[in-house]
2 protein chains.
Amino acid sequence: MEVQQTINSVNGVDIDVLQNTVNNIKQDPDLGKCRFHVQNKWIDGNHNRTTITSFYGAKQENKHKQIFELDADEPPVLAGEDNAPNPVEHLLNSLAGCVTTSMVAHAAVRGIHLDEVESEIEGDIDLQGFLGLSKDVPKGYTDIRIKFKVKSDEENTERLKSLAEYSPVFNTLIHGTNVDIKIERK
Amino acid sequence: MEVQQTINSVNGVDIDVLQNTVNNIKQDPDLGKCRFHVQNKWIDGNHNRTTITSFYGAKQENKHKQIFELDADEPPVLAGEDNAPNPVEHLLNSLAGCVTTSMVAHAAVRGIHLDEVESEIEGDIDLQGFLGLSKDVPKGYTDIRIKFKVKSDEENTERLKSLAEYSPVFNTLIHGTNVDIKIERK
């Protein structure tokens with residue numbers, strides 16, 4: 001006899017799995033404490049490579065299914081070979097992925113169905129800051145704009161914005177975070 | 001007759017190219033104003049894909065040598081298929097790449113030679129924030145730590161920290177930035 005299993009899925013998100021994680025963290029908040037980590041190795045010039053193998057969460061180290069490698073480079077105008085996105089483009093990618101996933105997953109648990117989600121993300125950086133040409137010019141992004149196009153029922157539009165705003169990357173960027181840099185000799 | 005060209009390179013960074021960019025921006029600061037942009041498309045569940053084709057800088061749109069695609073997914077505990085790094089790991093990658101490139105390039109123009117640069121970046125997120133289980137818990141990263149191991153002359157160590165701190169992603173994260181989200185129906 002074949003046992004049939006029904007997956008309770010909205011927007012392709014398995015609601016039972018997500019609800020199970022939520023319930024576990026409700027009962028034991030320490031299960032929600034995560035430590036994400038990556039390693040980076042300089043290759044040459046403006047080219048470097050990040051490796052991601054695992055993360056800490058649910059009170060244990062969790063191995064990814066595979067090892068992820070991500071390269072960064074710079075375009076020729078910044079003396080790079082343009083072999084990969086540059087780090088500030090990688091930042092926009094992380095934001096794009098995070099607001100999208102946050103919107104889709106939070107919509108799913110509320111029973112809001114989405115058919116299509118696309119977005120354009122852009123941000124402003126004045127290189128005078130990074131290059132040390134002016135102390136008055138910020139070195140990082142000053143403004144980032146996200147424009148979503150979503151196929152869903154009209155009544156959901158305003159609500160989806162507040163769901164996207166659950167995004168951890170969005171919140172890290174609008175509130176800022178502590179970043180500590182230590183350098184040791186090898 | 002063969003014309004020989006000498007590349008003035010430190011740490012694999014072509015100093016003449018970088019110095020040329022610096023001089024151009026000094027003369028005309030508008031050349032330094034950049035607008036980076038990416039597009040993202042939701043695939044299914046927690047899986048989405050970012051495409052990067054060009055950026056605005058030096059008063060024009062600059063096409064990348066190739067189209068870059070970056071995927072984001074989530075691990076099984078967050079109802080994903082673990083096909084790609086998740087967005088908060090992508091954020092650490094962008095920071096890793098940026099502090100490394102900033103250190104290497106700023107060292108190069110100051111004549112500081114580096115032999116090897118490796119780093120480990122980790123950051124803390126409590127999922128109670130993202131999951132909406134507690135309003136007192138921040139949704140984003142609260143603390144990020146970067147540990148560099150650098151092979152270079154001993155006298156450079158402290159100076160390299162201040163050069164890494166030119167990083168645009170580092171500065172975006174410690175100071176925060178405006179992020180505006182708009183949603184249109186498709």
# chains A, B, ... in the order shown; residues from 1 in each chain; ligands from 1
>>> residues_around(residues="Phe170 in chain A", least_positions_apart="3", cutoff="7 Å", atoms="only C-alpha atoms", output="list of chain:residue names")
A:Leu95, A:Val99, A:Glu165, A:Ser167, A:Leu173, A:Ile174
>>> select_by_dssp(residues="range 43-175 of chain B", states="helix (DSSP H, G or I)", output="JSON list (two decimals) with all heavy atoms, in the first residue's frame")
[["chain", "number", "residue", "atom", "x", "y", "z"],
["B", 76, "PRO", "N", 16.90, 23.64, 4.69],
["B", 76, "PRO", "CA", 15.65, 22.91, 4.97],
["B", 76, "PRO", "C", 14.92, 23.39, 6.23],
["B", 76, "PRO", "O", 13.70, 23.46, 6.22],
["B", 76, "PRO", "CB", 16.13, 21.46, 5.16],
["B", 76, "PRO", "CG", 17.37, 21.38, 4.34],
["B", 76, "PRO", "CD", 18.03, 22.73, 4.46],
["B", 77, "VAL", "N", 15.64, 23.78, 7.29],
["B", 77, "VAL", "CA", 14.99, 24.20, 8.53],
["B", 77, "VAL", "C", 14.14, 25.47, 8.31],
["B", 77, "VAL", "O", 13.20, 25.73, 9.06],
["B", 77, "VAL", "CB", 16.04, 24.41, 9.65],
["B", 77, "VAL", "CG1", 16.94, 25.59, 9.37],
["B", 77, "VAL", "CG2", 15.37, 24.56, 11.01],
["B", 78, "LEU", "N", 14.46, 26.23, 7.25],
["B", 78, "LEU", "CA", 13.64, 27.39, 6.90],
["B", 78, "LEU", "C", 12.83, 27.11, 5.63],
["B", 78, "LEU", "O", 12.53, 28.01, 4.85],
["B", 78, "LEU", "CB", 14.51, 28.65, 6.75],
["B", 78, "LEU", "CG", 15.02, 29.19, 8.10],
["B", 78, "LEU", "CD1", 16.10, 30.24, 7.89],
["B", 78, "LEU", "CD2", 13.86, 29.79, 8.90],
["B", 87, "PRO", "N", 20.08, 34.75, 1.84],
["B", 87, "PRO", "CA", 20.40, 36.18, 1.69],
["B", 87, "PRO", "C", 21.31, 36.74, 2.80],
["B", 87, "PRO", "O", 22.13, 37.62, 2.52],
["B", 87, "PRO", "CB", 19.01, 36.84, 1.71],
["B", 87, "PRO", "CG", 18.11, 35.80, 1.12],
["B", 87, "PRO", "CD", 18.62, 34.51, 1.67],
["B", 88, "VAL", "N", 21.17, 36.26, 4.03],
["B", 88, "VAL", "CA", 22.03, 36.82, 5.09],
["B", 88, "VAL", "C", 23.46, 36.30, 4.97],
["B", 88, "VAL", "O", 24.40, 36.95, 5.43],
["B", 88, "VAL", "CB", 21.45, 36.60, 6.51],
["B", 88, "VAL", "CG1", 20.12, 37.34, 6.64],
["B", 88, "VAL", "CG2", 21.30, 35.14, 6.86],
["B", 89, "GLU", "N", 23.64, 35.14, 4.35],
["B", 89, "GLU", "CA", 25.00, 34.68, 4.01],
["B", 89, "GLU", "C", 25.56, 35.51, 2.86],
["B", 89, "GLU", "O", 26.74, 35.85, 2.84],
["B", 89, "GLU", "CB", 24.99, 33.19, 3.67],
["B", 89, "GLU", "CG", 24.67, 32.31, 4.87],
["B", 89, "GLU", "CD", 24.45, 30.84, 4.53],
["B", 89, "GLU", "OE1", 23.85, 30.55, 3.47],
["B", 89, "GLU", "OE2", 24.84, 29.98, 5.33],
["B", 90, "HIS", "N", 24.69, 35.84, 1.90],
["B", 90, "HIS", "CA", 25.11, 36.72, 0.80],
["B", 90, "HIS", "C", 25.59, 38.07, 1.34],
["B", 90, "HIS", "O", 26.52, 38.67, 0.81],
["B", 90, "HIS", "CB", 23.97, 36.94, -0.20],
["B", 90, "HIS", "CG", 23.86, 35.88, -1.25],
["B", 90, "HIS", "ND1", 24.85, 35.66, -2.19],
["B", 90, "HIS", "CD2", 22.88, 34.98, -1.53],
["B", 90, "HIS", "CE1", 24.48, 34.67, -3.01],
["B", 90, "HIS", "NE2", 23.29, 34.25, -2.61],
["B", 91, "LEU", "N", 24.94, 38.54, 2.41],
["B", 91, "LEU", "CA", 25.36, 39.82, 3.00],
["B", 91, "LEU", "C", 26.79, 39.71, 3.56],
["B", 91, "LEU", "O", 27.62, 40.59, 3.34],
["B", 91, "LEU", "CB", 24.40, 40.25, 4.11],
["B", 91, "LEU", "CG", 24.75, 41.58, 4.80],
["B", 91, "LEU", "CD1", 24.58, 42.75, 3.85],
["B", 91, "LEU", "CD2", 23.92, 41.80, 6.05],
["B", 92, "LEU", "N", 27.06, 38.62, 4.27],
["B", 92, "LEU", "CA", 28.42, 38.43, 4.80],
["B", 92, "LEU", "C", 29.44, 38.32, 3.67],
["B", 92, "LEU", "O", 30.57, 38.81, 3.76],
["B", 92, "LEU", "CB", 28.49, 37.19, 5.70],
["B", 92, "LEU", "CG", 27.63, 37.20, 6.96],
["B", 92, "LEU", "CD1", 27.91, 35.96, 7.81],
["B", 92, "LEU", "CD2", 27.88, 38.47, 7.80],
["B", 93, "ASN", "N", 29.03, 37.65, 2.58],
["B", 93, "ASN", "CA", 29.91, 37.58, 1.41],
["B", 93, "ASN", "C", 30.24, 38.97, 0.87],
["B", 93, "ASN", "O", 31.39, 39.26, 0.53],
["B", 93, "ASN", "CB", 29.26, 36.73, 0.32],
["B", 93, "ASN", "CG", 29.93, 36.92, -1.03],
["B", 93, "ASN", "OD1", 31.14, 36.72, -1.16],
["B", 93, "ASN", "ND2", 29.18, 37.35, -2.03],
["B", 94, "SER", "N", 29.23, 39.83, 0.77],
["B", 94, "SER", "CA", 29.48, 41.17, 0.21],
["B", 94, "SER", "C", 30.44, 41.95, 1.11],
["B", 94, "SER", "O", 31.32, 42.67, 0.64],
["B", 94, "SER", "CB", 28.17, 41.94, 0.02],
["B", 94, "SER", "OG", 27.70, 42.50, 1.22],
["B", 95, "LEU", "N", 30.29, 41.78, 2.43],
["B", 95, "LEU", "CA", 31.18, 42.46, 3.38],
["B", 95, "LEU", "C", 32.60, 41.90, 3.28],
["B", 95, "LEU", "O", 33.58, 42.66, 3.23],
["B", 95, "LEU", "CB", 30.64, 42.29, 4.80],
["B", 95, "LEU", "CG", 31.47, 42.90, 5.94],
["B", 95, "LEU", "CD1", 31.64, 44.40, 5.77],
["B", 95, "LEU", "CD2", 30.85, 42.57, 7.29],
["B", 96, "ALA", "N", 32.70, 40.56, 3.20],
["B", 96, "ALA", "CA", 34.01, 39.91, 3.10],
["B", 96, "ALA", "C", 34.77, 40.41, 1.87],
["B", 96, "ALA", "O", 35.94, 40.81, 1.94],
["B", 96, "ALA", "CB", 33.83, 38.39, 3.02],
["B", 97, "GLY", "N", 34.07, 40.41, 0.72],
["B", 97, "GLY", "CA", 34.70, 40.86, -0.52],
["B", 97, "GLY", "C", 35.12, 42.31, -0.45],
["B", 97, "GLY", "O", 36.19, 42.70, -0.92],
["B", 98, "CYS", "N", 34.27, 43.12, 0.19],
["B", 98, "CYS", "CA", 34.50, 44.57, 0.18],
["B", 98, "CYS", "C", 35.66, 44.97, 1.09],
["B", 98, "CYS", "O", 36.50, 45.78, 0.70],
["B", 98, "CYS", "CB", 33.23, 45.30, 0.58],
["B", 98, "CYS", "SG", 33.20, 47.02, 0.05],
["B", 99, "VAL", "N", 35.72, 44.43, 2.31],
["B", 99, "VAL", "CA", 36.83, 44.80, 3.20],
["B", 99, "VAL", "C", 38.16, 44.28, 2.63],
["B", 99, "VAL", "O", 39.19, 44.93, 2.76],
["B", 99, "VAL", "CB", 36.62, 44.32, 4.66],
["B", 99, "VAL", "CG1", 35.54, 45.15, 5.35],
["B", 99, "VAL", "CG2", 36.30, 42.85, 4.76],
["B", 100, "THR", "N", 38.10, 43.11, 1.98],
["B", 100, "THR", "CA", 39.33, 42.55, 1.39],
["B", 100, "THR", "C", 39.82, 43.44, 0.24],
["B", 100, "THR", "O", 40.99, 43.85, 0.20],
["B", 100, "THR", "CB", 39.07, 41.11, 0.90],
["B", 100, "THR", "OG1", 38.67, 40.32, 2.02],
["B", 100, "THR", "CG2", 40.31, 40.52, 0.27],
["B", 101, "THR", "N", 38.92, 43.75, -0.69],
["B", 101, "THR", "CA", 39.30, 44.59, -1.83],
["B", 101, "THR", "C", 39.75, 45.97, -1.37],
["B", 101, "THR", "O", 40.73, 46.52, -1.89],
["B", 101, "THR", "CB", 38.10, 44.74, -2.81],
["B", 101, "THR", "OG1", 37.81, 43.45, -3.35],
["B", 101, "THR", "CG2", 38.41, 45.70, -3.94],
["B", 102, "SER", "N", 39.06, 46.53, -0.39],
["B", 102, "SER", "CA", 39.42, 47.87, 0.09],
["B", 102, "SER", "C", 40.82, 47.86, 0.71],
["B", 102, "SER", "O", 41.63, 48.75, 0.46],
["B", 102, "SER", "CB", 38.40, 48.35, 1.13],
["B", 102, "SER", "OG", 37.12, 48.40, 0.54],
["B", 103, "MET", "N", 41.12, 46.84, 1.50],
["B", 103, "MET", "CA", 42.44, 46.72, 2.10],
["B", 103, "MET", "C", 43.53, 46.56, 1.04],
["B", 103, "MET", "O", 44.54, 47.26, 1.04],
["B", 103, "MET", "CB", 42.47, 45.51, 3.05],
["B", 103, "MET", "CG", 43.82, 45.29, 3.69],
["B", 103, "MET", "SD", 43.95, 43.64, 4.43],
["B", 103, "MET", "CE", 42.92, 43.86, 5.87],
["B", 104, "VAL", "N", 43.28, 45.66, 0.10],
["B", 104, "VAL", "CA", 44.29, 45.36, -0.92],
["B", 104, "VAL", "C", 44.55, 46.58, -1.81],
["B", 104, "VAL", "O", 45.70, 46.94, -2.07],
["B", 104, "VAL", "CB", 43.84, 44.15, -1.79],
["B", 104, "VAL", "CG1", 44.73, 43.98, -3.01],
["B", 104, "VAL", "CG2", 43.82, 42.87, -0.95],
["B", 105, "ALA", "N", 43.49, 47.25, -2.27],
["B", 105, "ALA", "CA", 43.65, 48.37, -3.20],
["B", 105, "ALA", "C", 44.26, 49.58, -2.51],
["B", 105, "ALA", "O", 45.17, 50.23, -3.05],
["B", 105, "ALA", "CB", 42.28, 48.74, -3.81],
["B", 106, "HIS", "N", 43.78, 49.89, -1.29],
["B", 106, "HIS", "CA", 44.35, 51.04, -0.58],
["B", 106, "HIS", "C", 45.79, 50.77, -0.17],
["B", 106, "HIS", "O", 46.62, 51.68, -0.14],
["B", 106, "HIS", "CB", 43.48, 51.41, 0.63],
["B", 106, "HIS", "CG", 42.37, 52.36, 0.28],
["B", 106, "HIS", "ND1", 42.56, 53.73, 0.16],
["B", 106, "HIS", "CD2", 41.07, 52.15, 0.00],
["B", 106, "HIS", "CE1", 41.42, 54.30, -0.16],
["B", 106, "HIS", "NE2", 40.49, 53.38, -0.27],
["B", 107, "ALA", "N", 46.11, 49.51, 0.15],
["B", 107, "ALA", "CA", 47.51, 49.16, 0.44],
["B", 107, "ALA", "C", 48.35, 49.35, -0.82],
["B", 107, "ALA", "O", 49.45, 49.91, -0.76],
["B", 107, "ALA", "CB", 47.59, 47.72, 0.94],
["B", 108, "ALA", "N", 47.81, 48.92, -1.96],
["B", 108, "ALA", "CA", 48.56, 49.01, -3.22],
["B", 108, "ALA", "C", 48.98, 50.44, -3.54],
["B", 108, "ALA", "O", 50.15, 50.70, -3.84],
["B", 108, "ALA", "CB", 47.73, 48.42, -4.36],
["B", 109, "VAL", "N", 48.03, 51.38, -3.46],
["B", 109, "VAL", "CA", 48.38, 52.77, -3.82],
["B", 109, "VAL", "C", 49.35, 53.40, -2.80],
["B", 109, "VAL", "O", 49.99, 54.40, -3.10],
["B", 109, "VAL", "CB", 47.14, 53.69, -3.98],
["B", 109, "VAL", "CG1", 46.31, 53.24, -5.19],
["B", 109, "VAL", "CG2", 46.28, 53.72, -2.73],
["B", 127, "LEU", "N", 16.37, 34.49, 15.14],
["B", 127, "LEU", "CA", 15.21, 34.32, 14.25],
["B", 127, "LEU", "C", 13.88, 34.76, 14.86],
["B", 127, "LEU", "O", 12.89, 34.92, 14.15],
["B", 127, "LEU", "CB", 15.09, 32.86, 13.79],
["B", 127, "LEU", "CG", 16.12, 32.38, 12.76],
["B", 127, "LEU", "CD1", 15.85, 30.93, 12.38],
["B", 127, "LEU", "CD2", 16.08, 33.26, 11.51],
["B", 128, "GLN", "N", 13.84, 34.96, 16.17],
["B", 128, "GLN", "CA", 12.60, 35.45, 16.80],
["B", 128, "GLN", "C", 12.17, 36.78, 16.19],
["B", 128, "GLN", "O", 10.98, 37.09, 16.14],
["B", 128, "GLN", "CB", 12.81, 35.65, 18.30],
["B", 128, "GLN", "CG", 12.93, 34.37, 19.08],
["B", 128, "GLN", "CD", 13.02, 34.68, 20.57],
["B", 128, "GLN", "OE1", 12.01, 34.71, 21.27],
["B", 128, "GLN", "NE2", 14.22, 34.96, 21.04],
["B", 129, "GLY", "N", 13.16, 37.58, 15.75],
["B", 129, "GLY", "CA", 12.84, 38.87, 15.12],
["B", 129, "GLY", "C", 12.18, 38.69, 13.78],
["B", 129, "GLY", "O", 11.05, 39.15, 13.55],
["B", 130, "PHE", "N", 12.84, 37.97, 12.88],
["B", 130, "PHE", "CA", 12.32, 37.75, 11.52],
["B", 130, "PHE", "C", 10.96, 37.05, 11.54],
["B", 130, "PHE", "O", 10.06, 37.36, 10.75],
["B", 130, "PHE", "CB", 13.31, 36.94, 10.69],
["B", 130, "PHE", "CG", 12.73, 36.40, 9.42],
["B", 130, "PHE", "CD1", 12.35, 37.26, 8.40],
["B", 130, "PHE", "CD2", 12.52, 35.03, 9.24],
["B", 130, "PHE", "CE1", 11.80, 36.79, 7.22],
["B", 130, "PHE", "CE2", 11.96, 34.54, 8.07],
["B", 130, "PHE", "CZ", 11.60, 35.43, 7.06],
["B", 154, "GLU", "N", 55.33, 43.13, 9.48],
["B", 154, "GLU", "CA", 54.66, 43.32, 10.77],
["B", 154, "GLU", "C", 54.19, 44.77, 10.99],
["B", 154, "GLU", "O", 53.11, 45.01, 11.53],
["B", 154, "GLU", "CB", 55.60, 42.90, 11.92],
["B", 154, "GLU", "CG", 54.88, 42.86, 13.26],
["B", 154, "GLU", "CD", 55.67, 42.12, 14.34],
["B", 154, "GLU", "OE1", 56.82, 41.72, 14.06],
["B", 154, "GLU", "OE2", 55.12, 41.95, 15.44],
["B", 155, "GLU", "N", 55.01, 45.71, 10.54],
["B", 155, "GLU", "CA", 54.68, 47.12, 10.80],
["B", 155, "GLU", "C", 53.37, 47.57, 10.13],
["B", 155, "GLU", "O", 52.82, 48.61, 10.47],
["B", 155, "GLU", "CB", 55.84, 48.03, 10.32],
["B", 155, "GLU", "CG", 55.91, 48.21, 8.80],
["B", 155, "GLU", "CD", 57.27, 47.89, 8.20],
["B", 155, "GLU", "OE1", 57.90, 46.91, 8.69],
["B", 155, "GLU", "OE2", 57.68, 48.59, 7.26],
["B", 156, "ASN", "N", 52.89, 46.77, 9.16],
["B", 156, "ASN", "CA", 51.68, 47.17, 8.42],
["B", 156, "ASN", "C", 50.37, 46.83, 9.14],
["B", 156, "ASN", "O", 49.31, 47.38, 8.79],
["B", 156, "ASN", "CB", 51.64, 46.48, 7.05],
["B", 156, "ASN", "CG", 52.84, 46.85, 6.20],
["B", 156, "ASN", "OD1", 53.37, 47.96, 6.30],
["B", 156, "ASN", "ND2", 53.30, 45.91, 5.37],
["B", 157, "THR", "N", 50.43, 45.91, 10.10],
["B", 157, "THR", "CA", 49.19, 45.30, 10.62],
["B", 157, "THR", "C", 48.14, 46.33, 11.06],
["B", 157, "THR", "O", 46.99, 46.27, 10.62],
["B", 157, "THR", "CB", 49.52, 44.35, 11.80],
["B", 157, "THR", "OG1", 50.62, 43.51, 11.39],
["B", 157, "THR", "CG2", 48.34, 43.49, 12.16],
["B", 158, "GLU", "N", 48.51, 47.27, 11.88],
["B", 158, "GLU", "CA", 47.53, 48.23, 12.41],
["B", 158, "GLU", "C", 47.00, 49.14, 11.30],
["B", 158, "GLU", "O", 45.80, 49.47, 11.25],
["B", 158, "GLU", "CB", 48.16, 49.04, 13.55],
["B", 158, "GLU", "CG", 47.15, 49.74, 14.46],
["B", 158, "GLU", "CD", 46.00, 48.84, 14.93],
["B", 158, "GLU", "OE1", 46.23, 47.65, 15.24],
["B", 158, "GLU", "OE2", 44.86, 49.33, 14.95],
["B", 159, "ARG", "N", 47.90, 49.50, 10.38],
["B", 159, "ARG", "CA", 47.51, 50.38, 9.28],
["B", 159, "ARG", "C", 46.50, 49.68, 8.35],
["B", 159, "ARG", "O", 45.58, 50.33, 7.83],
["B", 159, "ARG", "CB", 48.78, 50.75, 8.48],
["B", 159, "ARG", "CG", 48.63, 52.07, 7.78],
["B", 159, "ARG", "CD", 49.96, 52.59, 7.29],
["B", 159, "ARG", "NE", 49.78, 53.61, 6.29],
["B", 159, "ARG", "CZ", 50.65, 53.85, 5.32],
["B", 159, "ARG", "NH1", 51.78, 53.15, 5.25],
["B", 159, "ARG", "NH2", 50.41, 54.81, 4.46],
["B", 160, "LEU", "N", 46.68, 48.39, 8.17],
["B", 160, "LEU", "CA", 45.78, 47.65, 7.27],
["B", 160, "LEU", "C", 44.34, 47.67, 7.77],
["B", 160, "LEU", "O", 43.40, 47.68, 6.99],
["B", 160, "LEU", "CB", 46.26, 46.20, 7.12],
["B", 160, "LEU", "CG", 47.56, 46.02, 6.32],
["B", 160, "LEU", "CD1", 47.98, 44.55, 6.33],
["B", 160, "LEU", "CD2", 47.39, 46.52, 4.88],
["B", 161, "LYS", "N", 44.15, 47.69, 9.07],
["B", 161, "LYS", "CA", 42.80, 47.76, 9.65],
["B", 161, "LYS", "C", 42.11, 49.06, 9.19],
["B", 161, "LYS", "O", 40.96, 49.05, 8.76],
["B", 161, "LYS", "CB", 42.89, 47.70, 11.17],
["B", 161, "LYS", "CG", 41.56, 47.74, 11.90],
["B", 161, "LYS", "CD", 41.82, 47.48, 13.37],
["B", 161, "LYS", "CE", 40.70, 47.65, 14.34],
["B", 161, "LYS", "NZ", 39.47, 48.23, 14.04],
["B", 162, "SER", "N", 42.85, 50.17, 9.25],
["B", 162, "SER", "CA", 42.23, 51.44, 8.86],
["B", 162, "SER", "C", 41.99, 51.49, 7.34],
["B", 162, "SER", "O", 41.07, 52.16, 6.88],
["B", 162, "SER", "CB", 43.07, 52.63, 9.32],
["B", 162, "SER", "OG", 44.28, 52.66, 8.60],
["B", 163, "LEU", "N", 42.78, 50.75, 6.57],
["B", 163, "LEU", "CA", 42.55, 50.70, 5.12],
["B", 163, "LEU", "C", 41.32, 49.85, 4.80],
["B", 163, "LEU", "O", 40.51, 50.20, 3.93],
["B", 163, "LEU", "CB", 43.78, 50.17, 4.40],
["B", 163, "LEU", "CG", 45.07, 50.99, 4.60],
["B", 163, "LEU", "CD1", 46.21, 50.42, 3.76],
["B", 163, "LEU", "CD2", 44.86, 52.47, 4.27],
["B", 164, "ALA", "N", 41.15, 48.75, 5.53],
["B", 164, "ALA", "CA", 39.95, 47.90, 5.34],
["B", 164, "ALA", "C", 38.68, 48.71, 5.63],
["B", 164, "ALA", "O", 37.63, 48.51, 5.03],
["B", 164, "ALA", "CB", 40.02, 46.67, 6.24],
["B", 168, "PRO", "N", 33.13, 50.41, 1.33],
["B", 168, "PRO", "CA", 31.75, 50.91, 1.22],
["B", 168, "PRO", "C", 30.71, 50.02, 1.91],
["B", 168, "PRO", "O", 29.79, 50.53, 2.54],
["B", 168, "PRO", "CB", 31.52, 50.96, -0.30],
["B", 168, "PRO", "CG", 32.88, 51.20, -0.87],
["B", 168, "PRO", "CD", 33.80, 50.39, 0.01],
["B", 169, "VAL", "N", 30.86, 48.70, 1.83],
["B", 169, "VAL", "CA", 29.87, 47.83, 2.48],
["B", 169, "VAL", "C", 30.01, 47.94, 4.01],
["B", 169, "VAL", "O", 29.01, 48.05, 4.72],
["B", 169, "VAL", "CB", 30.01, 46.36, 2.03],
["B", 169, "VAL", "CG1", 29.08, 45.45, 2.84],
["B", 169, "VAL", "CG2", 29.68, 46.23, 0.54],
["B", 170, "PHE", "N", 31.25, 47.95, 4.50],
["B", 170, "PHE", "CA", 31.49, 48.15, 5.95],
["B", 170, "PHE", "C", 30.82, 49.43, 6.42],
["B", 170, "PHE", "O", 30.10, 49.45, 7.43],
["B", 170, "PHE", "CB", 33.00, 48.20, 6.21],
["B", 170, "PHE", "CG", 33.40, 48.64, 7.59],
["B", 170, "PHE", "CD1", 33.33, 47.77, 8.67],
["B", 170, "PHE", "CD2", 33.87, 49.94, 7.82],
["B", 170, "PHE", "CE1", 33.71, 48.18, 9.95],
["B", 170, "PHE", "CE2", 34.25, 50.36, 9.08],
["B", 170, "PHE", "CZ", 34.16, 49.48, 10.16],
["B", 171, "ASN", "N", 31.01, 50.52, 5.67],
["B", 171, "ASN", "CA", 30.43, 51.81, 6.08],
["B", 171, "ASN", "C", 28.92, 51.85, 5.96],
["B", 171, "ASN", "O", 28.24, 52.46, 6.79],
["B", 171, "ASN", "CB", 31.08, 52.94, 5.26],
["B", 171, "ASN", "CG", 32.43, 53.31, 5.82],
["B", 171, "ASN", "OD1", 32.53, 54.08, 6.77],
["B", 171, "ASN", "ND2", 33.50, 52.72, 5.28],
["B", 172, "THR", "N", 28.38, 51.17, 4.95],
["B", 172, "THR", "CA", 26.93, 51.08, 4.82],
["B", 172, "THR", "C", 26.35, 50.37, 6.06],
["B", 172, "THR", "O", 25.34, 50.78, 6.62],
["B", 172, "THR", "CB", 26.53, 50.30, 3.54],
["B", 172, "THR", "OG1", 27.15, 50.92, 2.41],
["B", 172, "THR", "CG2", 25.02, 50.27, 3.34],
["B", 173, "LEU", "N", 27.04, 49.31, 6.48],
["B", 173, "LEU", "CA", 26.53, 48.51, 7.61],
["B", 173, "LEU", "C", 26.68, 49.22, 8.95],
["B", 173, "LEU", "O", 25.79, 49.14, 9.79],
["B", 173, "LEU", "CB", 27.25, 47.15, 7.65],
["B", 173, "LEU", "CG", 26.88, 46.19, 6.51],
["B", 173, "LEU", "CD1", 27.73, 44.94, 6.58],
["B", 173, "LEU", "CD2", 25.40, 45.82, 6.57],
["B", 174, "ILE", "N", 27.80, 49.91, 9.18],
["B", 174, "ILE", "CA", 27.95, 50.53, 10.51],
["B", 174, "ILE", "C", 27.13, 51.81, 10.63],
["B", 174, "ILE", "O", 26.69, 52.17, 11.71],
["B", 174, "ILE", "CB", 29.43, 50.79, 10.90],
["B", 174, "ILE", "CG1", 30.13, 51.77, 9.94],
["B", 174, "ILE", "CG2", 30.21, 49.48, 10.99],
["B", 174, "ILE", "CD1", 31.47, 52.27, 10.49],
["B", 175, "HIS", "N", 26.93, 52.52, 9.51],
["B", 175, "HIS", "CA", 26.16, 53.77, 9.58],
["B", 175, "HIS", "C", 24.68, 53.59, 9.24],
["B", 175, "HIS", "O", 23.86, 54.45, 9.54],
["B", 175, "HIS", "CB", 26.76, 54.82, 8.64],
["B", 175, "HIS", "CG", 28.16, 55.20, 8.99],
["B", 175, "HIS", "ND1", 28.49, 55.72, 10.23],
["B", 175, "HIS", "CD2", 29.33, 55.13, 8.31],
["B", 175, "HIS", "CE1", 29.79, 55.97, 10.28],
["B", 175, "HIS", "NE2", 30.33, 55.60, 9.13]]
>>> residues_around(residues="range 133-148 of chain B", least_positions_apart="6", cutoff="8 Å", atoms="only C-alpha atoms", output="PyMOL selection string")
(chain A and resi 26+166-172+177-184) or (chain B and resi 96+117-127)
